[in-house]
Amino acid sequence: MPSTVKPGLFTGLLRILLFSTLLIAISAPSTAQAISNSSQNCPFAKPASTTASKRAIQQIPIDVEGEHEFRMPQKGDRRGPCPGLNSLANHGYLPRSGIITTLDAIVACQAVFGMGLDLGGFLSVYATLIDGDPLSLDWSIGGSVHGLLGIGSSDGLSGSHNKYESDASSGRGDAFLHGGDASTLQLNNFKSLYKLQPDPSPGNYDLNVIAEHRKATFNYSKMNNPNFFYGPFSGVIVSQAAHTFITRFMSNNTENGPVLDKAVLKSFFGVVGDSLDKLQVIPGSERIPENWYRRPDDHLLVDFALDALSLQLSMPELLSIGGNTGKVNSFTPLDIGNLTGGVYSAQRLTDPDIFVCYMFQLISNVLPDLIKTPVLDILGIVGRLVGQFILPHYSPQGCPALTLDTSKFGIYPGRQGSGF
């Protein structure tokens with residue numbers, strides 16, 4: 001029989017735990033201090049054993065009734081490029097307004113999807129810093145948000161092109177090819193995934209199927225978008241997440257194991273229709289299906305790294321940083337070793353521990369320089385957020401400090417001065 005544990009109760013307990021962690025973390029040393037105290041020559045450390053943090057295998061049904069019933073967004077509600085976040089808001093696991101906090105996203109993604117606290121913390125902190133208000137910790141899953149003191153005022157994830165949301169998305173279109181719109185689900189892009197499991201089979205969009213779609217989205221952008229940009233974070237990391245998260249977080253985990261069939265896929269993406277030629281997008285209708293069970297364990301940073309590398313090993317070009325130089329099929333990669341002063345390389349990034357170190361260093365060392373303001377410097381916002389939301393769940397050891405020579409990005413018109 002399925003577990004009767006309800007995410008609402010679990011969410012409340014998790015909030016208490018995380019707020020307690022925050023109070024402790026406020027007095028913790030800054031990220032820079034934590035890194036400087038670790039030896040540069042130590043082995044790369046994995047987080048605490050992944051099996052230790054995983055609950056016993058059980059069925060965990062997600063409530064879609066009562067306070068968590070599906071409701072279409074109302075006028076003024078924000079929805080953006082991430083179908084998972086849109087679904088959470090449509091069911092009230094996130095504020096239905098679409099304006100959320102760093103902690104909201106971490107708690108909801110863990111409770112409903114089984115996203116590890118380290119992975120959720122990493123992504124939500126980045127969204128807060130690059131697309132939100134690092135003073136109030138508010139950010140928008142799509143559409144404008146106005147920060148305190150004018151800091152962090154932005155269009156949320158909908159305005160995060162090539163900073164968070166990226167070209168070669170799993171479902172959205174490249175901004176250059178759609179009049180600047182990189183937030184709306186493009187039916188042709190969805191169809192390219194859908195048809196990988198031919199009708200009339202219900203299908204199962206496992207990681208092997210997703211890998212085929214990942215190759216197709218990358219090659220399509222390269223062949224059709226003269227401004228295609230594939231950045232060190234938005235491309236190498238987030239673009240992979242947009243693909244692997246489909247199977248890892250949308251699959252229905254019944255007693256027969258995880259299965260992501262066409263009906264569940266369409267529900268999460270807000271698509272209706274019984275066959276390929278009848279598919280239609282209903283904007284704002286992303287929903288958690290009835291009788292849907294979340295994964296029984298948490299998907300951690302290192303698990304995501306393994307998934308991302310499995311895609312990248314099937315298509316080594318996915319580990320490149322670069323883009324088209326103003327013409328289609330002009331993809332010009334940059335040597336990661338040259339970009340990082342020899343600290344990292346494409347070959348070294350195939351080690352999942354080093355890949356996670358690379359992710360951590362981008363957010364703790366490189367990002368602060370890109371978003372530097374006097375207020376953020378004085379208040380130590382970046383170090384504080386990393387210390388509060390990431391370090392309690394993932395403590396890197398021996399990660400070499402990373403600097404990134406972004407001046408080399410000048411040859412890519414798609415970067416538009418701030419792509420990352």
# chains A, B, ... in the order shown; residues from 1 in each chain; ligands from 1
>>> residues_around(residues="Phe389 of chain A", least_positions_apart="5", cutoff="8 Å", atoms="only C-alpha atoms", output="PyMOL selection string")
chain A and resi 22+118+121-122+125
>>> closest_atom_pairs(of="segment 131-176 of chain A", to="segment 76-95 of chain A", cutoff="12 Å", atoms="only C-alpha atoms", output="tab-separated table")
residue	atom	partner	partner_atom	distance
A:Asp138	CA	A:Pro95	CA	11.4
A:Trp139	CA	A:Arg78	CA	10.6
A:Ser140	CA	A:Arg78	CA	7.0
A:Ile141	CA	A:Gly80	CA	5.3
A:Gly142	CA	A:Gly80	CA	3.8
A:Gly143	CA	A:Arg78	CA	5.5
A:Ser144	CA	A:Arg78	CA	8.0
A:Val145	CA	A:Arg78	CA	9.5
A:Asp155	CA	A:Gly80	CA	9.7
A:Gly156	CA	A:Gly80	CA	8.2
A:Leu157	CA	A:Gly80	CA	6.2
A:Ser158	CA	A:Gly80	CA	5.4
A:Gly159	CA	A:Gly80	CA	9.1
A:Ser160	CA	A:Pro81	CA	9.6
A:His161	CA	A:Pro81	CA	10.1
A:Tyr164	CA	A:Pro81	CA	10.2
A:Glu165	CA	A:Pro81	CA	7.4
A:Ser166	CA	A:Pro81	CA	10.0
A:Asp167	CA	A:Pro81	CA	11.8
A:Ser169	CA	A:Pro81	CA	9.4
A:Ser170	CA	A:Cys82	CA	10.0
A:Gly171	CA	A:Pro81	CA	8.5
A:Arg172	CA	A:Pro81	CA	6.8
A:Gly173	CA	A:Pro81	CA	9.8
A:Asp174	CA	A:Pro81	CA	11.6
A:Ala175	CA	A:Pro81	CA	11.7
>>> closest_residue(among="A:Ser183, A:Thr102, A:Tyr194, A:Arg96", to="Phe70 of chain A", atoms="only C-alpha atoms")
A:Arg96
>>> closest_residue(among="A:Cys399, A:Met115, A:Val382, A:Val107", to="Pro296 of chain A", atoms="only C-alpha atoms")
A:Met115
>>> closest_residue(among="A:Ala168, A:Leu391, A:Leu187, A:Leu135", to="Gln240 of chain A", atoms="only C-alpha atoms")
A:Ala168
>>> atom_distance(atom1="atom CA of Asn225 of chain A", atom2="atom CA of Val328 of chain A")
5.7 Å
>>> decode(residues="segment 203-313 of chain A", atoms="C-alpha atoms", output="mmCIF file, in the first residue's frame")
data_model
loop_
_atom_site.group_PDB
_atom_site.id
_atom_site.type_symbol
_atom_site.label_atom_id
_atom_site.label_comp_id
_atom_site.auth_asym_id
_atom_site.auth_seq_id
_atom_site.Cartn_x
_atom_site.Cartn_y
_atom_site.Cartn_z
ATOM 1 C CA GLY A 203 5.763 5.278 -24.058
ATOM 2 C CA ASN A 204 8.369 5.740 -21.365
ATOM 3 C CA TYR A 205 10.612 8.792 -21.573
ATOM 4 C CA ASP A 206 13.588 7.420 -19.682
ATOM 5 C CA LEU A 207 17.096 8.885 -19.701
ATOM 6 C CA ASN A 208 18.018 7.111 -22.942
ATOM 7 C CA VAL A 209 15.103 8.814 -24.718
ATOM 8 C CA ILE A 210 15.997 12.135 -23.121
ATOM 9 C CA ALA A 211 19.581 11.746 -24.370
ATOM 10 C CA GLU A 212 18.286 11.509 -27.936
ATOM 11 C CA HIS A 213 16.199 14.649 -27.424
ATOM 12 C CA ARG A 214 19.198 16.442 -25.906
ATOM 13 C CA LYS A 215 21.245 15.775 -29.045
ATOM 14 C CA ALA A 216 18.389 17.001 -31.232
ATOM 15 C CA THR A 217 17.862 20.286 -29.334
ATOM 16 C CA PHE A 218 21.579 21.098 -29.350
ATOM 17 C CA ASN A 219 21.969 20.347 -33.054
ATOM 18 C CA TYR A 220 18.798 22.267 -33.960
ATOM 19 C CA SER A 221 20.069 25.428 -32.273
ATOM 20 C CA LYS A 222 23.476 25.043 -33.866
ATOM 21 C CA MET A 223 21.966 24.613 -37.336
ATOM 22 C CA ASN A 224 19.225 27.258 -37.111
ATOM 23 C CA ASN A 225 20.218 29.981 -34.651
ATOM 24 C CA PRO A 226 23.127 32.226 -35.749
ATOM 25 C CA ASN A 227 23.188 33.632 -32.178
ATOM 26 C CA PHE A 228 23.227 30.270 -30.412
ATOM 27 C CA PHE A 229 25.154 30.642 -27.124
ATOM 28 C CA TYR A 230 26.128 27.801 -24.827
ATOM 29 C CA GLY A 231 27.537 29.270 -21.635
ATOM 30 C CA PRO A 232 29.552 27.839 -18.729
ATOM 31 C CA PHE A 233 26.488 27.747 -16.462
ATOM 32 C CA SER A 234 23.348 28.185 -18.605
ATOM 33 C CA GLY A 235 24.638 25.700 -21.188
ATOM 34 C CA VAL A 236 26.914 23.161 -19.519
ATOM 35 C CA ILE A 237 24.802 22.912 -16.343
ATOM 36 C CA VAL A 238 21.245 24.299 -16.594
ATOM 37 C CA SER A 239 20.589 23.128 -20.152
ATOM 38 C CA GLN A 240 21.403 19.573 -19.053
ATOM 39 C CA ALA A 241 19.131 19.952 -16.026
ATOM 40 C CA ALA A 242 16.238 21.076 -18.235
ATOM 41 C CA HIS A 243 16.498 17.723 -19.984
ATOM 42 C CA THR A 244 17.432 15.227 -17.239
ATOM 43 C CA PHE A 245 14.896 16.679 -14.791
ATOM 44 C CA ILE A 246 12.101 15.599 -17.132
ATOM 45 C CA THR A 247 12.622 11.926 -16.407
ATOM 46 C CA ARG A 248 14.025 12.249 -12.885
ATOM 47 C CA PHE A 249 11.237 14.446 -11.493
ATOM 48 C CA MET A 250 8.190 13.873 -13.717
ATOM 49 C CA SER A 251 8.182 10.062 -13.780
ATOM 50 C CA ASN A 252 5.309 8.373 -11.948
ATOM 51 C CA ASN A 253 6.897 6.159 -9.293
ATOM 52 C CA THR A 254 4.327 3.436 -8.802
ATOM 53 C CA GLU A 255 4.907 -0.059 -7.457
ATOM 54 C CA ASN A 256 6.135 -0.994 -10.946
ATOM 55 C CA GLY A 257 8.954 1.550 -10.798
ATOM 56 C CA PRO A 258 9.393 4.946 -12.449
ATOM 57 C CA VAL A 259 7.524 5.422 -15.716
ATOM 58 C CA LEU A 260 7.060 8.658 -17.631
ATOM 59 C CA ASP A 261 4.373 7.963 -20.187
ATOM 60 C CA LYS A 262 2.794 10.335 -22.695
ATOM 61 C CA ALA A 263 -0.161 11.243 -20.499
ATOM 62 C CA VAL A 264 2.066 12.315 -17.596
ATOM 63 C CA LEU A 265 4.477 14.137 -19.890
ATOM 64 C CA LYS A 266 1.644 16.126 -21.496
ATOM 65 C CA SER A 267 0.144 16.971 -18.113
ATOM 66 C CA PHE A 268 3.362 18.495 -16.750
ATOM 67 C CA PHE A 269 3.987 20.452 -19.957
ATOM 68 C CA GLY A 270 0.415 21.745 -20.319
ATOM 69 C CA VAL A 271 -0.281 19.931 -23.592
ATOM 70 C CA VAL A 272 -3.473 18.151 -24.691
ATOM 71 C CA GLY A 273 -4.284 15.873 -27.633
ATOM 72 C CA ASP A 274 -4.440 12.128 -28.250
ATOM 73 C CA SER A 275 -1.940 11.895 -31.089
ATOM 74 C CA LEU A 276 1.042 13.748 -32.493
ATOM 75 C CA ASP A 277 -0.962 15.679 -35.083
ATOM 76 C CA LYS A 278 -3.597 16.746 -32.538
ATOM 77 C CA LEU A 279 -1.320 18.105 -29.816
ATOM 78 C CA GLN A 280 -2.070 21.612 -28.534
ATOM 79 C CA VAL A 281 -0.393 23.790 -25.915
ATOM 80 C CA ILE A 282 -2.711 25.289 -23.277
ATOM 81 C CA PRO A 283 -0.628 28.115 -21.740
ATOM 82 C CA GLY A 284 -0.587 28.089 -17.949
ATOM 83 C CA SER A 285 -2.139 24.604 -17.640
ATOM 84 C CA GLU A 286 0.884 22.669 -16.343
ATOM 85 C CA ARG A 287 -0.399 20.288 -13.697
ATOM 86 C CA ILE A 288 0.549 17.365 -11.487
ATOM 87 C CA PRO A 289 -1.468 14.346 -12.674
ATOM 88 C CA GLU A 290 -3.919 12.544 -10.423
ATOM 89 C CA ASN A 291 -2.613 9.312 -8.888
ATOM 90 C CA TRP A 292 0.950 10.534 -9.315
ATOM 91 C CA TYR A 293 3.737 9.387 -7.005
ATOM 92 C CA ARG A 294 6.990 11.273 -6.490
ATOM 93 C CA ARG A 295 10.349 9.521 -6.500
ATOM 94 C CA PRO A 296 10.970 7.609 -3.237
ATOM 95 C CA ASP A 297 14.462 8.999 -2.700
ATOM 96 C CA ASP A 298 16.110 12.389 -3.109
ATOM 97 C CA HIS A 299 18.005 13.269 -6.277
ATOM 98 C CA LEU A 300 21.201 14.950 -5.074
ATOM 99 C CA LEU A 301 23.819 17.195 -6.667
ATOM 100 C CA VAL A 302 26.086 14.254 -7.369
ATOM 101 C CA ASP A 303 23.175 12.317 -8.918
ATOM 102 C CA PHE A 304 22.483 15.231 -11.251
ATOM 103 C CA ALA A 305 26.206 15.393 -12.113
ATOM 104 C CA LEU A 306 26.157 11.723 -13.094
ATOM 105 C CA ASP A 307 23.089 12.269 -15.282
ATOM 106 C CA ALA A 308 24.537 15.371 -16.922
ATOM 107 C CA LEU A 309 27.790 13.568 -17.644
ATOM 108 C CA SER A 310 25.936 10.600 -19.125
ATOM 109 C CA LEU A 311 24.386 13.004 -21.655
ATOM 110 C CA GLN A 312 27.674 14.743 -22.263
ATOM 111 C CA LEU A 313 29.590 11.508 -22.749
#
